[in-house]
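S.K.: The file below is input_8.tsv, TSV, C-alpha atoms and all ligand atoms:
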```tsv
chain	number	residue	atom	x	y	z
A	1	MET	CA	182.97	90.56	121.06
A	2	SER	CA	179.27	91.19	121.78
A	3	ARG	CA	176.80	88.80	120.22
A	4	GLN	CA	174.41	89.87	117.48
A	5	GLU	CA	170.76	90.38	118.43
A	6	VAL	CA	167.66	88.62	117.10
A	7	LEU	CA	164.08	89.64	117.85
A	8	VAL	CA	161.47	86.89	118.03
A	9	ILE	CA	158.02	88.20	117.10
A	10	GLY	CA	155.21	86.23	118.74
A	11	PRO	CA	155.39	82.68	120.06
A	12	VAL	CA	157.48	80.27	117.95
A	13	LEU	CA	158.52	76.65	118.43
A	14	PRO	CA	160.77	76.67	121.58
A	15	TYR	CA	163.38	74.78	119.51
A	16	VAL	CA	163.87	77.93	117.38
A	17	VAL	CA	164.52	80.13	120.41
A	18	GLU	CA	166.87	77.54	121.95
A	19	ARG	CA	168.94	77.18	118.75
A	20	LEU	CA	169.06	80.95	118.17
A	21	LYS	CA	170.25	81.50	121.75
A	22	GLU	CA	173.28	79.29	121.08
A	23	ARG	CA	174.71	82.01	118.79
A	24	PHE	CA	172.75	85.23	119.34
A	25	ASP	CA	171.20	87.42	122.04
A	26	VAL	CA	167.49	86.76	121.67
A	27	THR	CA	164.62	88.98	122.77
A	28	GLU	CA	161.07	87.64	122.64
A	29	LEU	CA	158.79	90.56	121.85
A	30	HIS	CA	155.63	88.87	123.12
A	31	ARG	CA	157.22	88.61	126.60
A	32	GLU	CA	157.71	92.41	126.81
A	33	ALA	CA	155.09	94.09	129.03
A	34	ASP	CA	154.66	97.01	126.62
A	35	ARG	CA	155.51	95.94	123.09
A	36	ALA	CA	154.91	99.36	121.54
A	37	SER	CA	157.23	101.25	123.88
A	38	PHE	CA	159.85	98.48	123.65
A	39	LEU	CA	159.82	98.76	119.85
A	40	LYS	CA	159.98	102.56	120.06
A	41	SER	CA	162.99	102.65	122.34
A	42	GLU	CA	164.80	99.42	121.33
A	43	GLY	CA	163.63	98.63	117.77
A	44	GLY	CA	166.86	99.97	116.25
A	45	ARG	CA	168.90	97.19	117.91
A	46	PHE	CA	167.73	94.39	115.60
A	47	ARG	CA	168.96	93.37	112.14
A	48	ALA	CA	167.16	90.03	112.25
A	49	ALA	CA	163.73	88.84	113.35
A	50	ALA	CA	162.07	85.43	113.50
A	51	CYS	CA	158.32	84.96	113.44
A	52	GLY	CA	155.87	82.11	113.90
A	53	GLY	CA	152.18	81.57	113.19
A	54	SER	CA	151.12	85.11	114.10
A	55	GLY	CA	153.48	86.50	111.45
A	56	ILE	CA	154.64	90.11	111.36
A	57	ASP	CA	152.71	93.18	110.25
A	58	GLY	CA	153.79	96.36	108.48
A	59	ALA	CA	153.73	98.47	111.67
A	60	THR	CA	156.20	96.14	113.41
A	61	ILE	CA	158.48	96.11	110.34
A	62	ALA	CA	158.36	99.93	110.31
A	63	ALA	CA	159.31	99.97	114.00
A	64	LEU	CA	162.54	98.05	113.24
A	65	PRO	CA	164.57	100.58	111.20
A	66	ASN	CA	167.71	98.43	110.93
A	67	LEU	CA	165.93	95.17	110.11
A	68	GLN	CA	167.46	93.20	107.23
A	69	ILE	CA	165.93	89.72	107.47
A	70	ILE	CA	162.70	88.10	108.67
A	71	GLY	CA	162.93	84.33	109.12
A	72	SER	CA	159.33	83.13	108.93
A	73	PHE	CA	158.36	79.70	110.28
A	74	GLY	CA	156.23	77.86	107.68
A	75	VAL	CA	156.25	77.55	103.92
A	76	GLY	CA	153.13	79.72	103.66
A	77	TYR	CA	153.88	83.36	104.50
A	78	ASP	CA	150.48	85.01	104.04
A	79	ASN	CA	150.88	86.11	107.70
A	80	VAL	CA	153.89	88.27	106.80
A	81	ASP	CA	153.44	91.72	105.25
A	82	VAL	CA	155.85	91.01	102.37
A	83	ALA	CA	154.94	94.25	100.60
A	84	ALA	CA	156.03	96.26	103.65
A	85	ALA	CA	159.19	94.13	103.95
A	86	ALA	CA	160.07	94.62	100.27
A	87	GLU	CA	159.43	98.37	100.58
A	88	ALA	CA	161.79	98.49	103.59
A	89	GLY	CA	164.44	96.40	101.77
A	90	VAL	CA	164.02	93.51	104.19
A	91	VAL	CA	164.39	89.95	102.88
A	92	VAL	CA	161.81	87.39	104.06
A	93	THR	CA	162.68	83.70	104.23
A	94	ASN	CA	160.26	80.79	104.59
A	95	THR	CA	160.68	77.02	105.13
A	96	PRO	CA	159.95	75.22	101.83
A	97	GLY	CA	160.74	71.60	101.04
A	98	VAL	CA	161.38	70.20	104.52
A	99	LEU	CA	157.69	69.57	105.28
A	100	ASP	CA	156.37	68.33	101.91
A	101	GLU	CA	156.14	64.62	102.72
A	102	GLU	CA	154.58	65.16	106.17
A	103	VAL	CA	151.93	67.53	104.82
A	104	ALA	CA	151.21	65.23	101.86
A	105	ASP	CA	150.80	62.29	104.27
A	106	THR	CA	148.23	64.33	106.17
A	107	GLY	CA	146.49	65.27	102.92
A	108	LEU	CA	146.22	61.62	101.93
A	109	ALA	CA	145.00	60.62	105.40
A	110	LEU	CA	142.41	63.40	105.41
A	111	MET	CA	141.21	62.35	101.96
A	112	LEU	CA	140.87	58.72	103.07
A	113	MET	CA	139.08	59.68	106.29
A	114	THR	CA	136.68	61.89	104.34
A	115	VAL	CA	135.90	59.62	101.39
A	116	ARG	CA	135.89	56.31	103.32
A	117	GLU	CA	134.30	57.91	106.45
A	118	LEU	CA	136.95	56.29	108.64
A	119	ASN	CA	136.44	58.74	111.52
A	120	ARG	CA	132.71	58.05	111.54
A	121	ALA	CA	133.27	54.29	111.35
A	122	GLU	CA	135.62	54.49	114.34
A	123	ALA	CA	133.10	56.54	116.32
A	124	TYR	CA	130.47	53.89	115.46
A	125	LEU	CA	132.66	51.17	116.97
A	126	ARG	CA	133.57	53.20	120.06
A	127	ALA	CA	129.89	53.96	120.70
A	128	GLY	CA	129.21	50.21	120.87
A	129	ARG	CA	126.95	50.28	117.82
A	130	TRP	CA	128.66	47.45	115.83
A	131	PRO	CA	127.35	44.49	117.92
A	132	LYS	CA	123.93	46.12	118.29
A	133	GLU	CA	123.32	47.48	114.81
A	134	GLY	CA	125.59	45.39	112.58
A	135	PRO	CA	128.33	46.50	110.18
A	136	TYR	CA	128.98	50.17	109.49
A	137	PRO	CA	127.21	51.13	106.21
A	138	LEU	CA	129.19	50.88	102.97
A	139	THR	CA	130.71	54.18	101.86
A	140	ARG	CA	129.59	55.57	98.55
A	141	GLY	CA	133.01	57.01	97.83
A	142	SER	CA	136.23	55.12	97.05
A	143	LEU	CA	139.64	56.40	95.95
A	144	LYS	CA	140.38	53.71	93.36
A	145	ASP	CA	139.55	54.72	89.77
A	146	SER	CA	138.50	58.22	90.87
A	147	VAL	CA	139.91	61.61	89.86
A	148	LEU	CA	141.87	63.81	92.26
A	149	GLY	CA	141.87	67.45	91.21
A	150	ILE	CA	144.77	69.33	92.80
A	151	LEU	CA	144.45	73.09	93.12
A	152	GLY	CA	148.13	74.06	93.45
A	153	LEU	CA	150.45	71.40	92.03
A	154	GLY	CA	153.56	72.73	93.77
A	155	ARG	CA	156.01	70.91	96.03
A	156	ILE	CA	153.29	69.61	98.36
A	157	GLY	CA	150.71	69.12	95.61
A	158	LYS	CA	153.16	66.87	93.73
A	159	ALA	CA	153.90	64.84	96.89
A	160	VAL	CA	150.12	64.35	97.31
A	161	ALA	CA	149.81	63.35	93.64
A	162	ARG	CA	152.47	60.63	94.02
A	163	ARG	CA	150.58	59.13	96.96
A	164	ALA	CA	147.22	59.36	95.22
A	165	GLU	CA	148.59	57.63	92.10
A	166	ALA	CA	149.59	54.71	94.35
A	167	CYS	CA	145.94	54.58	95.46
A	168	GLY	CA	144.81	54.21	91.83
A	169	MET	CA	143.63	57.79	91.36
A	170	GLU	CA	143.94	59.80	88.15
A	171	ILE	CA	145.47	63.24	88.75
A	172	HIS	CA	144.30	66.54	87.25
A	173	TYR	CA	145.44	70.00	88.36
A	174	HIS	CA	144.87	73.74	88.15
A	175	GLY	CA	147.33	76.58	88.70
A	176	ARG	CA	148.12	79.80	86.89
A	177	HIS	CA	150.46	77.88	84.56
A	178	ARG	CA	150.50	74.55	82.75
A	179	GLN	CA	153.68	72.81	83.96
A	180	GLU	CA	156.28	71.48	81.50
A	181	GLY	CA	157.16	67.83	81.93
A	182	VAL	CA	154.10	67.05	84.07
A	183	ALA	CA	151.93	64.27	82.68
A	184	TYR	CA	148.84	65.09	84.78
A	185	ARG	CA	145.92	66.75	82.98
A	186	TYR	CA	145.89	70.56	83.28
A	187	HIS	CA	142.69	72.62	83.53
A	188	ALA	CA	143.12	76.33	82.86
A	189	ASP	CA	139.77	76.96	84.56
A	190	LEU	CA	139.18	75.96	88.20
A	191	LYS	CA	135.49	75.18	87.60
A	192	ASP	CA	136.52	72.74	84.84
A	193	LEU	CA	138.92	71.05	87.27
A	194	ALA	CA	136.15	70.79	89.89
A	195	ARG	CA	133.72	69.35	87.30
A	196	ALA	CA	136.27	66.67	86.33
A	197	SER	CA	137.17	65.77	89.96
A	198	ASP	CA	135.78	63.35	92.50
A	199	VAL	CA	137.99	64.94	95.16
A	200	LEU	CA	139.24	68.53	94.93
A	201	MET	CA	142.36	69.02	97.07
A	202	VAL	CA	143.39	72.62	97.88
A	203	VAL	CA	147.16	73.17	98.24
A	204	VAL	CA	147.58	76.77	97.06
A	205	PRO	CA	149.01	79.55	99.25
A	206	GLY	CA	146.72	81.97	101.10
A	207	GLY	CA	146.56	85.73	100.58
A	208	ASP	CA	144.56	88.12	98.43
A	209	ALA	CA	145.27	86.36	95.11
A	210	THR	CA	143.61	83.11	96.20
A	211	ARG	CA	140.94	84.43	98.60
A	212	HIS	CA	137.65	82.56	98.11
A	213	MET	CA	138.85	80.96	94.84
A	214	VAL	CA	136.76	77.98	95.84
A	215	ASP	CA	133.34	79.62	95.89
A	216	LYS	CA	129.71	78.54	95.41
A	217	ALA	CA	130.18	78.05	91.66
A	218	VAL	CA	133.26	75.82	92.11
A	219	LEU	CA	131.43	73.75	94.74
A	220	GLU	CA	128.45	73.37	92.40
A	221	ALA	CA	130.83	72.22	89.65
A	222	LEU	CA	132.31	69.61	92.04
A	223	GLY	CA	128.80	68.27	92.45
A	224	PRO	CA	126.80	66.00	94.77
A	225	ASP	CA	129.23	63.05	94.59
A	226	GLY	CA	132.26	65.31	95.16
A	227	TYR	CA	134.50	65.92	98.17
A	228	ILE	CA	136.78	68.82	99.03
A	229	VAL	CA	139.98	68.47	101.06
A	230	ASN	CA	141.78	71.64	102.17
A	231	ILE	CA	145.39	71.47	103.42
A	232	GLY	CA	146.37	74.85	101.88
A	233	ARG	CA	144.80	77.84	103.63
A	234	GLY	CA	141.31	78.39	105.01
A	235	THR	CA	140.94	81.69	103.18
A	236	VAL	CA	141.06	79.94	99.79
A	237	VAL	CA	137.61	78.43	100.41
A	238	ASP	CA	134.50	80.55	100.99
A	239	GLU	CA	133.59	78.88	104.30
A	240	ALA	CA	129.99	80.14	104.36
A	241	ALA	CA	129.42	78.76	100.84
A	242	LEU	CA	131.08	75.49	101.89
A	243	ILE	CA	128.81	75.10	104.93
A	244	GLU	CA	125.80	75.67	102.70
A	245	ALA	CA	127.06	73.20	100.07
A	246	LEU	CA	127.70	70.52	102.73
A	247	SER	CA	124.29	71.13	104.33
A	248	ASN	CA	122.17	71.01	101.19
A	249	GLY	CA	123.95	68.18	99.34
A	250	THR	CA	125.66	70.36	96.73
A	251	ILE	CA	128.80	68.32	97.61
A	252	ARG	CA	129.09	65.10	99.63
A	253	GLY	CA	131.80	65.82	102.17
A	254	ALA	CA	134.82	67.85	103.25
A	255	GLY	CA	138.11	67.21	105.03
A	256	LEU	CA	139.65	70.38	106.42
A	257	ASP	CA	142.97	71.04	108.14
A	258	VAL	CA	142.74	74.82	107.75
A	259	PHE	CA	140.01	77.41	108.40
A	260	GLU	CA	139.23	81.02	107.65
A	261	ASP	CA	139.54	82.29	111.25
A	262	GLU	CA	141.83	79.87	113.11
A	263	PRO	CA	141.55	78.64	115.79
A	264	ASN	CA	137.83	79.44	115.59
A	265	VAL	CA	135.97	76.76	113.64
A	266	PRO	CA	132.31	77.54	112.91
A	267	GLU	CA	129.85	75.52	115.02
A	268	ALA	CA	127.97	74.80	111.79
A	269	LEU	CA	130.99	72.90	110.40
A	270	ILE	CA	131.45	70.99	113.67
A	271	ALA	CA	127.77	70.02	113.73
A	272	LEU	CA	127.88	68.49	110.24
A	273	ASP	CA	128.61	64.75	110.11
A	274	ASN	CA	129.98	64.87	106.55
A	275	THR	CA	133.09	66.79	107.64
A	276	VAL	CA	136.46	65.67	108.99
A	277	LEU	CA	138.09	68.55	110.87
A	278	LEU	CA	141.72	68.76	111.95
A	279	PRO	CA	143.32	71.62	113.97
A	280	HIS	CA	145.97	72.65	111.37
A	281	VAL	CA	148.25	69.69	112.07
A	282	ALA	CA	149.49	68.80	108.57
A	283	SER	CA	153.17	69.44	109.43
A	284	ALA	CA	152.79	68.92	113.17
A	285	SER	CA	155.32	66.19	114.04
A	286	VAL	CA	158.43	66.84	116.14
A	287	PRO	CA	160.92	65.94	113.35
A	288	THR	CA	159.17	68.04	110.70
A	289	ARG	CA	158.56	71.06	112.92
A	290	GLN	CA	162.21	70.90	114.07
A	291	ALA	CA	163.38	70.76	110.45
A	292	MET	CA	161.26	73.86	109.74
A	293	GLY	CA	162.65	75.57	112.85
A	294	GLN	CA	166.20	74.66	111.88
A	295	LEU	CA	165.69	76.30	108.48
A	296	VAL	CA	164.54	79.51	110.19
A	297	VAL	CA	167.70	79.46	112.32
A	298	ASP	CA	169.92	78.55	109.35
A	299	ASN	CA	168.57	81.45	107.26
A	300	ILE	CA	169.14	83.98	110.05
A	301	THR	CA	172.58	82.56	110.85
A	302	ALA	CA	173.62	82.51	107.17
A	303	TRP	CA	172.58	86.16	106.85
A	304	LEU	CA	174.13	87.49	110.06
A	305	GLU	CA	177.37	85.51	109.73
A	306	GLU	CA	177.91	85.21	105.94
A	307	GLY	CA	175.56	87.72	104.25
A	308	GLN	CA	173.70	84.85	102.53
A	309	VAL	CA	170.11	83.61	102.67
A	310	LEU	CA	169.04	80.07	101.89
A	311	THR	CA	165.32	80.24	101.10
A	312	PRO	CA	164.17	83.80	100.32
A	313	VAL	CA	160.57	84.32	99.12
A	314	PRO	CA	160.31	85.75	95.58
A	315	GLU	CA	158.56	89.00	96.61
A	316	THR	CA	161.45	90.41	98.66
A	317	PRO	CA	164.91	91.33	97.40
A	318	VAL	CA	168.03	89.80	98.89
A	319	PRO	CA	169.93	92.86	100.18
A	320	ALA	CA	173.27	93.39	98.41
B	401	LIG	P1	154.51	75.86	96.13
B	401	LIG	O1	155.51	74.80	95.81
B	401	LIG	O2	154.88	77.29	95.92
B	401	LIG	O3	153.19	75.53	95.28
B	401	LIG	C1	152.12	76.41	95.22
B	401	LIG	C2	151.28	76.03	94.01
B	401	LIG	O4	150.13	76.88	94.00
B	401	LIG	C3	152.00	76.22	92.69
B	401	LIG	O5	151.85	75.05	91.93
B	401	LIG	C4	151.31	77.41	92.03
B	401	LIG	O6	151.20	77.17	90.62
B	401	LIG	C5	149.94	77.42	92.70
B	401	LIG	N1	149.42	78.78	92.86
B	401	LIG	C6	150.03	79.82	93.50
B	401	LIG	N2	149.26	80.91	93.42
B	401	LIG	C7	148.17	80.57	92.70
B	401	LIG	C8	147.02	81.27	92.28
B	401	LIG	N3	146.86	82.58	92.55
B	401	LIG	N4	146.09	80.61	91.55
B	401	LIG	C9	146.27	79.30	91.24
B	401	LIG	N5	147.33	78.58	91.62
B	401	LIG	C10	148.27	79.21	92.34
B	401	LIG	O7	154.03	75.77	97.64
B	401	LIG	P2	154.01	74.48	98.58
B	401	LIG	O8	155.31	74.37	99.28
B	401	LIG	O9	153.49	73.33	97.82
B	401	LIG	O10	152.93	74.99	99.66
B	401	LIG	C11	151.63	75.34	99.26
B	401	LIG	C12	150.83	75.92	100.40
B	401	LIG	O11	150.41	74.89	101.28
B	401	LIG	C13	151.56	76.90	101.33
B	401	LIG	O12	151.66	78.19	100.77
B	401	LIG	C14	150.72	76.87	102.58
B	401	LIG	O13	149.72	77.86	102.52
B	401	LIG	C15	150.07	75.49	102.54
B	401	LIG	N6	150.59	74.63	103.62
B	401	LIG	C16	149.73	74.24	104.60
B	401	LIG	C17	150.19	73.42	105.62
B	401	LIG	C18	149.28	72.96	106.70
B	401	LIG	O14	149.75	72.80	107.83
B	401	LIG	N7	148.01	72.70	106.43
B	401	LIG	C19	151.52	73.03	105.64
B	401	LIG	C20	152.36	73.45	104.63
B	401	LIG	C21	151.89	74.25	103.62
B	401	LIG	P3	151.22	78.38	89.56
B	401	LIG	O15	152.47	79.16	89.86
B	401	LIG	O16	151.22	77.69	88.24
B	401	LIG	O17	149.98	79.15	89.81
B	402	LIG	C1	152.54	75.32	110.02
B	402	LIG	C2	151.94	75.75	107.57
B	402	LIG	O1	151.51	74.74	110.75
B	402	LIG	O2	154.09	75.73	106.62
B	402	LIG	C3	152.96	76.19	106.58
B	402	LIG	O3	152.60	77.00	105.71
B	402	LIG	O4	150.81	76.09	107.50
B	402	LIG	C4	152.32	74.81	108.66
B	402	LIG	O5	153.34	73.96	108.30
B	402	LIG	C5	152.47	76.76	110.30
B	402	LIG	O6	153.41	77.45	109.58
B	402	LIG	C6	152.67	76.98	111.78
B	402	LIG	O7	152.83	78.32	112.02
```
Please, can you express the file's structure as structure tokens?
M.R.:
Amino acid sequence: MSRQEVLVIGPVLPYVVERLKERFDVTELHREADRASFLKSEGGRFRAAACGGSGIDGATIAALPNLQIIGSFGVGYDNVDVAAAAEAGVVVTNTPGVLDEEVADTGLALMLMTVRELNRAEAYLRAGRWPKEGPYPLTRGSLKDSVLGILGLGRIGKAVARRAEACGMEIHYHGRHRQEGVAYRYHADLKDLARASDVLMVVVPGGDATRHMVDKAVLEALGPDGYIVNIGRGTVVDEAALIEALSNGTIRGAGLDVFEDEPNVPEALIALDNTVLLPHVASASVPTRQAMGQLVVDNITAWLEEGQVLTPVPETPVPA
């Protein structure tokens, strides 16, 4: 019996391709010399596709007339045209849950580096300044007895909150809904959350609904003693307004794992010494990335072999 076919759209973790190849015939679209003509002549072969960081657009979905499932690598799927998928009756799956603790660890580390200036203190030591100039200056910020405002108290936001409580922080949050059974203080208005927070941590999804939610007014509400940490998506924060706020003392510092136009990070952000900048590494360990990859493979396998999906996103229907 011939094996079923899976199309991989754009580069993905090699682990995903290796595991898929154990059961399916896999074609990697980005390795085709002429993607457009390949899709035109061969697009009808595929019922399943897997995609990585570059996602999948509406034109590619339209070029795959028999597509039924897109297994997207990552919990965030703002890189997938879910409206086009829903319109075409294609279910999209993501990778929730398996990366929460890793990403929350990175969020906590980024917050500590930003507030306690640990990256700058290390650079001070490495530059040989300690013996010459004396101890690194005391940091004005401290986590203990401060307020962490979480924008997006979902799976990852809650894992961050648990860690921050252990550091002696009080937790407040904003989302579209007040959550039942959650003891943290809810703010229906994001500016109110920013005003109440010493650190504002962004953990909401990207996309049109959250674009530039953190704008000049929110940064002003956070204030001159405030810090922002973004482990959600770069598009949630107005980067130009952030650069201005960091430059003129509207806020004190920022720790960023995500950016508006990755992998391009504005020189102005790099030049500032009150920023800690990471290259989108919150989930980037071998065990966590493999667990994410395995969930992509498991969704595609469950669909092709049993007609089931494990982790569909809410916007797309599971085909009957
Ligand atoms: P989740 O469980 O779905 O939580 C998302 C939270 O955001 C929910 O509490 C939701 O609350 C809130 N939210 C959604 N849309 C909103 C809106 N328009 N306005 C205000 N709040 C909104 O998702 P998760 O698994 O925690 O992941 C969150 C995001 O983190 C992902 O989508 C991804 O973008 C990002 N992420 C980044 C990395 C990284 O490498 N840096 C790694 C993993 C994930 P309401 O429904 O009450 O609004
Ligand atoms: C990955 C992420 O870095 O899961 C997400 O939403 O942002 C990260 O875990 C990303 O998906 C890699 O493509």
S.K.: Which chains and residue numbers are within 7 Å of ligand LIG 401 (chain B), counting only C-alpha atoms and all ligand atoms, if I want them as an MDAnalysis selection string?
M.R.: chainID A and resid 74:77 96:97 99:100 103 151:157 174:179 203:206 209:210 231:233 257:258 280:283
S.K.: Write the residues you've just listed into a file as a PDB file, keeping the file's coordinate frame, and include C-alpha atoms for each of them.
M.R.:
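The result, stored in again-v9.pdb:
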```pdb
ATOM      1  CA  GLY A  74     156.230  77.860 107.680  1.00  0.00           C
ATOM      2  CA  VAL A  75     156.250  77.550 103.920  1.00  0.00           C
ATOM      3  CA  GLY A  76     153.130  79.720 103.660  1.00  0.00           C
ATOM      4  CA  TYR A  77     153.880  83.360 104.500  1.00  0.00           C
ATOM      5  CA  PRO A  96     159.950  75.220 101.830  1.00  0.00           C
ATOM      6  CA  GLY A  97     160.740  71.600 101.040  1.00  0.00           C
ATOM      7  CA  LEU A  99     157.690  69.570 105.280  1.00  0.00           C
ATOM      8  CA  ASP A 100     156.370  68.330 101.910  1.00  0.00           C
ATOM      9  CA  VAL A 103     151.930  67.530 104.820  1.00  0.00           C
ATOM     10  CA  LEU A 151     144.450  73.090  93.120  1.00  0.00           C
ATOM     11  CA  GLY A 152     148.130  74.060  93.450  1.00  0.00           C
ATOM     12  CA  LEU A 153     150.450  71.400  92.030  1.00  0.00           C
ATOM     13  CA  GLY A 154     153.560  72.730  93.770  1.00  0.00           C
ATOM     14  CA  ARG A 155     156.010  70.910  96.030  1.00  0.00           C
ATOM     15  CA  ILE A 156     153.290  69.610  98.360  1.00  0.00           C
ATOM     16  CA  GLY A 157     150.710  69.120  95.610  1.00  0.00           C
ATOM     17  CA  HIS A 174     144.870  73.740  88.150  1.00  0.00           C
ATOM     18  CA  GLY A 175     147.330  76.580  88.700  1.00  0.00           C
ATOM     19  CA  ARG A 176     148.120  79.800  86.890  1.00  0.00           C
ATOM     20  CA  HIS A 177     150.460  77.880  84.560  1.00  0.00           C
ATOM     21  CA  ARG A 178     150.500  74.550  82.750  1.00  0.00           C
ATOM     22  CA  GLN A 179     153.680  72.810  83.960  1.00  0.00           C
ATOM     23  CA  VAL A 203     147.160  73.170  98.240  1.00  0.00           C
ATOM     24  CA  VAL A 204     147.580  76.770  97.060  1.00  0.00           C
ATOM     25  CA  PRO A 205     149.010  79.550  99.250  1.00  0.00           C
ATOM     26  CA  GLY A 206     146.720  81.970 101.100  1.00  0.00           C
ATOM     27  CA  ALA A 209     145.270  86.360  95.110  1.00  0.00           C
ATOM     28  CA  THR A 210     143.610  83.110  96.200  1.00  0.00           C
ATOM     29  CA  ILE A 231     145.390  71.470 103.420  1.00  0.00           C
ATOM     30  CA  GLY A 232     146.370  74.850 101.880  1.00  0.00           C
ATOM     31  CA  ARG A 233     144.800  77.840 103.630  1.00  0.00           C
ATOM     32  CA  ASP A 257     142.970  71.040 108.140  1.00  0.00           C
ATOM     33  CA  VAL A 258     142.740  74.820 107.750  1.00  0.00           C
ATOM     34  CA  HIS A 280     145.970  72.650 111.370  1.00  0.00           C
ATOM     35  CA  VAL A 281     148.250  69.690 112.070  1.00  0.00           C
ATOM     36  CA  ALA A 282     149.490  68.800 108.570  1.00  0.00           C
ATOM     37  CA  SER A 283     153.170  69.440 109.430  1.00  0.00           C
TER      38      SER A 283
END
```
S.K.: Can you work out which one of A:Glu315, A:Glu239, A:Asp34, A:Asp273 has the shortest atom-to-atom distance to Ala84 of chain A, counting only C-alpha atoms?
M.R.: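 Of the candidates, the smallest distance to Ala84 of chain A is held by A:Glu315.
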S.K.: Compare A:Gly149, A:Gly141, A:Gly168, A:Gly10 by their minimum atom-to-atom distance to Leu112 of chain A, counting all atoms listed in the file, and give me the closest one.
M.R.: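 Comparing A:Gly149, A:Gly141, A:Gly168, A:Gly10 against Leu112 of chain A, the winner is A:Gly141.
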S.K.: Using all atoms listed in the file, pick whichever of A:Gln290, A:Gln4, A:Thr311, A:Thr316 has the shortest atom-to-atom distance to Arg19 of chain A.
M.R.: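 Among the listed residues, the smallest separation from Arg19 of chain A belongs to A:Gln290.
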S.K.: What separation in Å, quoted to one decimal, exists between atom CA of Ala59 of chain A and atom CA of Arg47 of chain A?
M.R.: 16.1 Å
S.K.: Looking at A:Ala161, A:Tyr15, A:Gly107, A:Ala49, which one is nearest to Thr27 of chain A, with distances taken over only C-alpha atoms?
M.R.: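 The shortest atom-to-atom distance to Thr27 of chain A comes from A:Ala49.
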S.K.: Would you please work out which residue, of A:Ala159, A:Val6, A:Val98, A:Val199, is nearest to ligand LIG 402 (chain B) when using all atoms listed in the file?
M.R.: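 Selected residue with least distance to ligand LIG 402 (chain B): A:Val98.
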S.K.: Which residues are close to Val296 of chain A, i.e. within 7 Å by all atoms listed in the file, leaving aside same-chain residues fewer than 4 positions away? Reply as a ChimeraX atom specification.
M.R.: /A:71-73,95,292,300
S.K.: Which residues are close to Asn274 of chain A, i.e. within 9 Å by only C-alpha atoms, leaving aside same-chain residues fewer than 4 positions away? Reply as a PyMOL selection string.
M.R.: chain A and resi 114+117+120+246-247+252-255+269
S.K.: Return the single residue from A:Glu244, A:Asp215, A:Asp78, A:Glu5 that is closest to ligand LIG 402 (chain B), with distances computed using only C-alpha atoms and all ligand atoms.
M.R.: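 Selected residue with least distance to ligand LIG 402 (chain B): A:Asp78.
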S.K.: Between atom CA of Asp225 of chain A and atom CA of Asp198 of chain A, what distance in Å does the model show, to one decimal?
M.R.: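 Computing it gives 6.9 Å between the two atoms.
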S.K.: What is the distance, in Å and to one decimal place, between atom CA of Ser142 of chain A and atom CA of Thr235 of chain A?
M.R.: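 Separation between atom CA of Ser142 of chain A and atom CA of Thr235 of chain A: 27.7 Å.
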S.K.: Residues near segment 28-30 of chain A, anyone? I mean within 7 Å using all atoms listed in the file, not counting same-chain ones fewer than 4 positions away, as number ranges by chain.
M.R.: A: 7-11, 35
